[in-house]
Amino acid sequence: MLTMDAFGYMIHSDLRLERQGNALILQSKHNARWLSALVGGFALFFLFKLFSVPDQSGFGLLVYWFSVAIGVAFLGIGVFLSLPREVTTTFDLDSHRVVHLVSIARGWYERRRAYALEEIAGLRLTGYDAEPHSYMPVMTLRNGETRWLGTANSSYLISTMTIEAICAVTGLQKLGVARQRLWGS
């Protein structure tokens, strides 16, 4: 079993777990620049192809404006994906509280939520059927809601080590692995 007493911090993939006094801080930073460049490039290609639409009347005009809408939507998605995302979860053992902070674009959008340790059912991994070797560490609340502890999926070993280290120090329950389908029932 892995304990946080053996080290001051762990760095794996996009997850960083460190101990500061009597608090554990799990920080995850991710920026999907390659995906944003791909989506943005597709949008620009789509918009530039519009300049060669031959028929600007009737059905051609409808196709033109529909294509503009789709191109602008993909461009917006590409810009959103290029924004850096960060999830910071602080397990404060002195105050028996957990603070979960989600930040997009270095504070342009932030959501901060605080929970008592008693509100937390435990920590688990979520695996997705479409990606069999990819897991996300998740905090599960007693009311059934979940909060992601990372910004991107990582391997089973990295995610398990992170959860085991947090559970060993905080006394939270390790809930195992849940499988989730991306679509369908």
# chains A, B, ... in the order shown; residues from 1 in each chain; ligands from 1
call {"tool": "residues_around", "arguments": {"residues": "A:Leu47", "least_positions_apart": "2", "cutoff": "8 Å", "atoms": "only C-alpha atoms", "output": "PyMOL selection string"}}
result
chain A and resi 43-45+49-51+67-68+71-72
call {"tool": "write_last_selection", "arguments": {"atoms": "N, CA, C and O atoms", "output": "JSON list (two decimals), in the first residue's frame"}}
result
[["chain", "number", "residue", "atom", "x", "y", "z"],
["A", 43, "ALA", "N", -12.77, 23.77, -39.00],
["A", 43, "ALA", "CA", -13.70, 24.90, -39.14],
["A", 43, "ALA", "C", -13.21, 25.88, -40.20],
["A", 43, "ALA", "O", -14.00, 26.35, -41.04],
["A", 44, "LEU", "N", -11.92, 26.19, -40.18],
["A", 44, "LEU", "CA", -11.39, 27.12, -41.17],
["A", 44, "LEU", "C", -11.46, 26.54, -42.58],
["A", 44, "LEU", "O", -11.80, 27.25, -43.53],
["A", 45, "PHE", "N", -11.16, 25.25, -42.71],
["A", 45, "PHE", "CA", -11.29, 24.59, -44.00],
["A", 45, "PHE", "C", -12.73, 24.67, -44.49],
["A", 45, "PHE", "O", -13.00, 24.99, -45.65],
["A", 49, "LYS", "N", -13.97, 26.84, -47.80],
["A", 49, "LYS", "CA", -14.64, 26.14, -48.92],
["A", 49, "LYS", "C", -15.92, 26.86, -49.31],
["A", 49, "LYS", "O", -16.41, 26.69, -50.43],
["A", 50, "LEU", "N", -16.46, 27.69, -48.43],
["A", 50, "LEU", "CA", -17.70, 28.42, -48.74],
["A", 50, "LEU", "C", -17.50, 29.45, -49.84],
["A", 50, "LEU", "O", -18.44, 29.81, -50.54],
["A", 51, "PHE", "N", -16.27, 29.95, -49.97],
["A", 51, "PHE", "CA", -16.03, 30.96, -50.99],
["A", 51, "PHE", "C", -16.19, 30.42, -52.40],
["A", 51, "PHE", "O", -16.34, 31.18, -53.35],
["A", 67, "SER", "N", -23.79, 26.14, -43.80],
["A", 67, "SER", "CA", -22.35, 25.88, -43.71],
["A", 67, "SER", "C", -21.64, 26.94, -42.87],
["A", 67, "SER", "O", -20.72, 26.62, -42.12],
["A", 68, "VAL", "N", -22.06, 28.19, -43.01],
["A", 68, "VAL", "CA", -21.48, 29.25, -42.17],
["A", 68, "VAL", "C", -21.75, 28.97, -40.70],
["A", 68, "VAL", "O", -20.86, 29.08, -39.86],
["A", 71, "GLY", "N", -19.54, 26.05, -39.56],
["A", 71, "GLY", "CA", -18.15, 26.48, -39.50],
["A", 71, "GLY", "C", -17.87, 27.35, -38.29],
["A", 71, "GLY", "O", -16.87, 27.17, -37.59],
["A", 72, "VAL", "N", -18.76, 28.30, -38.00],
["A", 72, "VAL", "CA", -18.59, 29.17, -36.83],
["A", 72, "VAL", "C", -18.71, 28.36, -35.54],
["A", 72, "VAL", "O", -17.96, 28.59, -34.59]]
call {"tool": "closest_atom_pairs", "arguments": {"of": "stretch 42-87 of chain A", "to": "stretch 27-36 of chain A", "cutoff": "6 Å", "atoms": "only C-alpha atoms", "output": "tab-separated table"}}
result
residue	atom	partner	partner_atom	distance
A:Gly78	CA	A:Ser36	CA	4.3
A:Leu81	CA	A:Ser36	CA	5.0
A:Ser82	CA	A:Ser36	CA	5.2
A:Pro84	CA	A:Asn31	CA	4.7
A:Arg85	CA	A:His30	CA	5.5
A:Glu86	CA	A:Lys29	CA	4.5
A:Val87	CA	A:Ser28	CA	5.2
call {"tool": "write_last_selection", "arguments": {"atoms": "N, CA and C atoms", "output": "PDB file, in the first residue's frame"}}
result
ATOM      1  N   GLY A  78     -13.344  24.877 -31.181  1.00  0.00           N
ATOM      2  CA  GLY A  78     -11.883  24.840 -31.230  1.00  0.00           C
ATOM      3  C   GLY A  78     -11.253  25.850 -30.293  1.00  0.00           C
ATOM      4  N   LEU A  81     -11.713  24.593 -26.670  1.00  0.00           N
ATOM      5  CA  LEU A  81     -10.796  23.505 -26.347  1.00  0.00           C
ATOM      6  C   LEU A  81      -9.364  23.985 -26.168  1.00  0.00           C
ATOM      7  N   SER A  82      -9.019  25.117 -26.753  1.00  0.00           N
ATOM      8  CA  SER A  82      -7.661  25.636 -26.606  1.00  0.00           C
ATOM      9  C   SER A  82      -7.433  26.303 -25.251  1.00  0.00           C
ATOM     10  N   PRO A  84      -6.829  26.608 -21.400  1.00  0.00           N
ATOM     11  CA  PRO A  84      -6.303  25.684 -20.385  1.00  0.00           C
ATOM     12  C   PRO A  84      -7.324  25.448 -19.274  1.00  0.00           C
ATOM     13  N   ARG A  85      -7.400  24.186 -18.839  1.00  0.00           N
ATOM     14  CA  ARG A  85      -8.311  23.812 -17.758  1.00  0.00           C
ATOM     15  C   ARG A  85      -7.502  23.266 -16.589  1.00  0.00           C
ATOM     16  N   GLU A  86      -7.993  23.539 -15.386  1.00  0.00           N
ATOM     17  CA  GLU A  86      -7.305  23.084 -14.185  1.00  0.00           C
ATOM     18  C   GLU A  86      -8.345  22.687 -13.134  1.00  0.00           C
ATOM     19  N   VAL A  87      -8.100  21.554 -12.506  1.00  0.00           N
ATOM     20  CA  VAL A  87      -8.931  21.106 -11.389  1.00  0.00           C
ATOM     21  C   VAL A  87      -8.004  20.958 -10.187  1.00  0.00           C
TER      22      VAL A  87
END
call {"tool": "atom_distance", "arguments": {"atom1": "atom CA of A:Val79", "atom2": "atom CA of A:Leu62"}}
result
25.9 Å
call {"tool": "residues_around", "arguments": {"residues": "A:Leu24", "least_positions_apart": "3", "cutoff": "10 Å", "atoms": "only C-alpha atoms", "output": "PyMOL selection string"}}
result
chain A and resi 4+8-9+17-21+27+89-93+98+165-166+169-170
call {"tool": "write_last_selection", "arguments": {"atoms": "N, CA and C atoms", "output": "compact mmCIF listing (two decimals), in the first residue's frame"}}
result
# COMPACT_ATOMS: atom_id res chain seq x y z
N MET A 4 1.29 8.58 1.84
CA MET A 4 1.85 9.90 1.58
C MET A 4 2.98 10.21 2.56
N GLY A 8 6.68 13.59 -0.29
CA GLY A 8 6.00 14.86 -0.17
C GLY A 8 5.05 15.13 -1.31
N TYR A 9 5.34 14.54 -2.47
CA TYR A 9 4.46 14.75 -3.62
C TYR A 9 4.63 13.63 -4.63
N LEU A 17 0.02 15.34 -6.97
CA LEU A 17 -0.46 15.23 -5.60
C LEU A 17 0.67 15.62 -4.67
N GLU A 18 0.41 16.62 -3.82
CA GLU A 18 1.44 17.04 -2.89
C GLU A 18 0.83 17.29 -1.51
N ARG A 19 1.69 17.15 -0.52
CA ARG A 19 1.28 17.38 0.86
C ARG A 19 1.88 18.69 1.33
N GLN A 20 1.01 19.56 1.84
CA GLN A 20 1.45 20.83 2.41
C GLN A 20 0.91 20.89 3.83
N GLY A 21 1.76 20.63 4.79
CA GLY A 21 1.32 20.59 6.19
C GLY A 21 0.36 19.45 6.40
N GLN A 27 -3.73 18.39 -7.98
CA GLN A 27 -3.86 19.38 -9.03
C GLN A 27 -3.73 18.70 -10.38
N THR A 89 -8.09 20.07 -6.10
CA THR A 89 -8.88 19.56 -4.98
C THR A 89 -7.99 19.54 -3.76
N THR A 90 -8.40 20.26 -2.72
CA THR A 90 -7.62 20.35 -1.49
C THR A 90 -8.35 19.59 -0.39
N PHE A 91 -7.70 18.56 0.14
CA PHE A 91 -8.21 17.77 1.25
C PHE A 91 -7.57 18.32 2.52
N ASP A 92 -8.28 19.19 3.25
CA ASP A 92 -7.74 19.82 4.46
C ASP A 92 -8.12 18.98 5.67
N LEU A 93 -7.13 18.33 6.27
CA LEU A 93 -7.40 17.43 7.39
C LEU A 93 -7.65 18.18 8.69
N VAL A 98 -13.12 19.53 2.16
CA VAL A 98 -12.52 19.36 0.84
C VAL A 98 -13.00 20.53 -0.02
N ALA A 165 -3.28 6.82 -2.32
CA ALA A 165 -2.53 7.75 -1.48
C ALA A 165 -3.47 8.71 -0.75
N ILE A 166 -4.48 9.22 -1.45
CA ILE A 166 -5.43 10.15 -0.82
C ILE A 166 -6.24 9.42 0.25
N VAL A 169 -4.34 8.74 3.58
CA VAL A 169 -4.12 9.88 4.45
C VAL A 169 -5.43 10.43 5.01
N THR A 170 -6.47 10.50 4.20
CA THR A 170 -7.72 11.14 4.63
C THR A 170 -8.68 10.19 5.34
call {"tool": "closest_residue", "arguments": {"among": "A:Pro137, A:Gly40, A:Gly58, A:Gly122", "to": "A:Asn153", "atoms": "only C-alpha atoms"}}
result
A:Pro137
call {"tool": "closest_residue", "arguments": {"among": "A:Tyr64, A:Ser57, A:His96, A:Thr160", "to": "A:Asn22", "atoms": "only C-alpha atoms"}}
result
A:His96
call {"tool": "residues_around", "arguments": {"residues": "A:Lys174", "least_positions_apart": "3", "cutoff": "7 Å", "atoms": "only C-alpha atoms", "output": "ChimeraX atom specification"}}
result
/A:122-124,167
call {"tool": "write_last_selection", "arguments": {"atoms": "all heavy atoms", "output": "PDB file, in the first residue's frame"}}
result
ATOM      1  N   GLY A 122     -16.800   8.568  -0.995  1.00  0.00           N
ATOM      2  CA  GLY A 122     -15.487   7.991  -1.247  1.00  0.00           C
ATOM      3  C   GLY A 122     -14.936   8.414  -2.589  1.00  0.00           C
ATOM      4  O   GLY A 122     -15.514   9.245  -3.296  1.00  0.00           O
ATOM      5  N   LEU A 123     -13.808   7.810  -2.935  1.00  0.00           N
ATOM      6  CA  LEU A 123     -13.144   8.083  -4.202  1.00  0.00           C
ATOM      7  C   LEU A 123     -13.187   6.822  -5.055  1.00  0.00           C
ATOM      8  O   LEU A 123     -13.067   5.714  -4.546  1.00  0.00           O
ATOM      9  CB  LEU A 123     -11.695   8.497  -3.968  1.00  0.00           C
ATOM     10  CG  LEU A 123     -11.465   9.689  -3.046  1.00  0.00           C
ATOM     11  CD1 LEU A 123      -9.982   9.955  -2.892  1.00  0.00           C
ATOM     12  CD2 LEU A 123     -12.179  10.926  -3.545  1.00  0.00           C
ATOM     13  N   ARG A 124     -13.351   7.006  -6.351  1.00  0.00           N
ATOM     14  CA  ARG A 124     -13.391   5.854  -7.243  1.00  0.00           C
ATOM     15  C   ARG A 124     -12.797   6.236  -8.585  1.00  0.00           C
ATOM     16  O   ARG A 124     -12.508   7.390  -8.852  1.00  0.00           O
ATOM     17  CB  ARG A 124     -14.813   5.343  -7.428  1.00  0.00           C
ATOM     18  CG  ARG A 124     -15.733   6.278  -8.170  1.00  0.00           C
ATOM     19  CD  ARG A 124     -17.101   5.640  -8.406  1.00  0.00           C
ATOM     20  NE  ARG A 124     -18.092   6.578  -8.844  1.00  0.00           N
ATOM     21  CZ  ARG A 124     -18.308   6.940 -10.102  1.00  0.00           C
ATOM     22  NH1 ARG A 124     -17.575   6.444 -11.052  1.00  0.00           N
ATOM     23  NH2 ARG A 124     -19.250   7.791 -10.410  1.00  0.00           N
ATOM     24  N   CYS A 167      -6.742   8.232  -0.057  1.00  0.00           N
ATOM     25  CA  CYS A 167      -7.557   7.474   0.902  1.00  0.00           C
ATOM     26  C   CYS A 167      -6.750   7.079   2.135  1.00  0.00           C
ATOM     27  O   CYS A 167      -7.275   7.069   3.248  1.00  0.00           O
ATOM     28  CB  CYS A 167      -8.154   6.235   0.237  1.00  0.00           C
ATOM     29  SG  CYS A 167      -9.448   6.630  -0.955  1.00  0.00           S
TER      30      CYS A 167
END
call {"tool": "residues_around", "arguments": {"residues": "A:Trp108", "least_positions_apart": "4", "cutoff": "10 Å", "atoms": "only C-alpha atoms", "output": "list of chain:residue names"}}
result
A:Leu83, A:Ser103, A:Ile104
call {"tool": "atom_distance", "arguments": {"atom1": "atom CA of A:Thr126", "atom2": "atom CA of A:Arg106"}}
result
26.1 Å
call {"tool": "closest_residue", "arguments": {"among": "A:Arg147, A:Phe80, A:His133, A:Phe66", "to": "A:Val99", "atoms": "only C-alpha atoms"}}
result
A:Arg147
call {"tool": "closest_residue", "arguments": {"among": "A:Tyr156, A:Leu175, A:Gly76, A:Glu164", "to": "A:Met139", "atoms": "only C-alpha atoms"}}
result
A:Leu175
call {"tool": "atom_distance", "arguments": {"atom1": "atom CA of A:Leu15", "atom2": "atom CA of A:Gly127"}}
result
16.6 Å
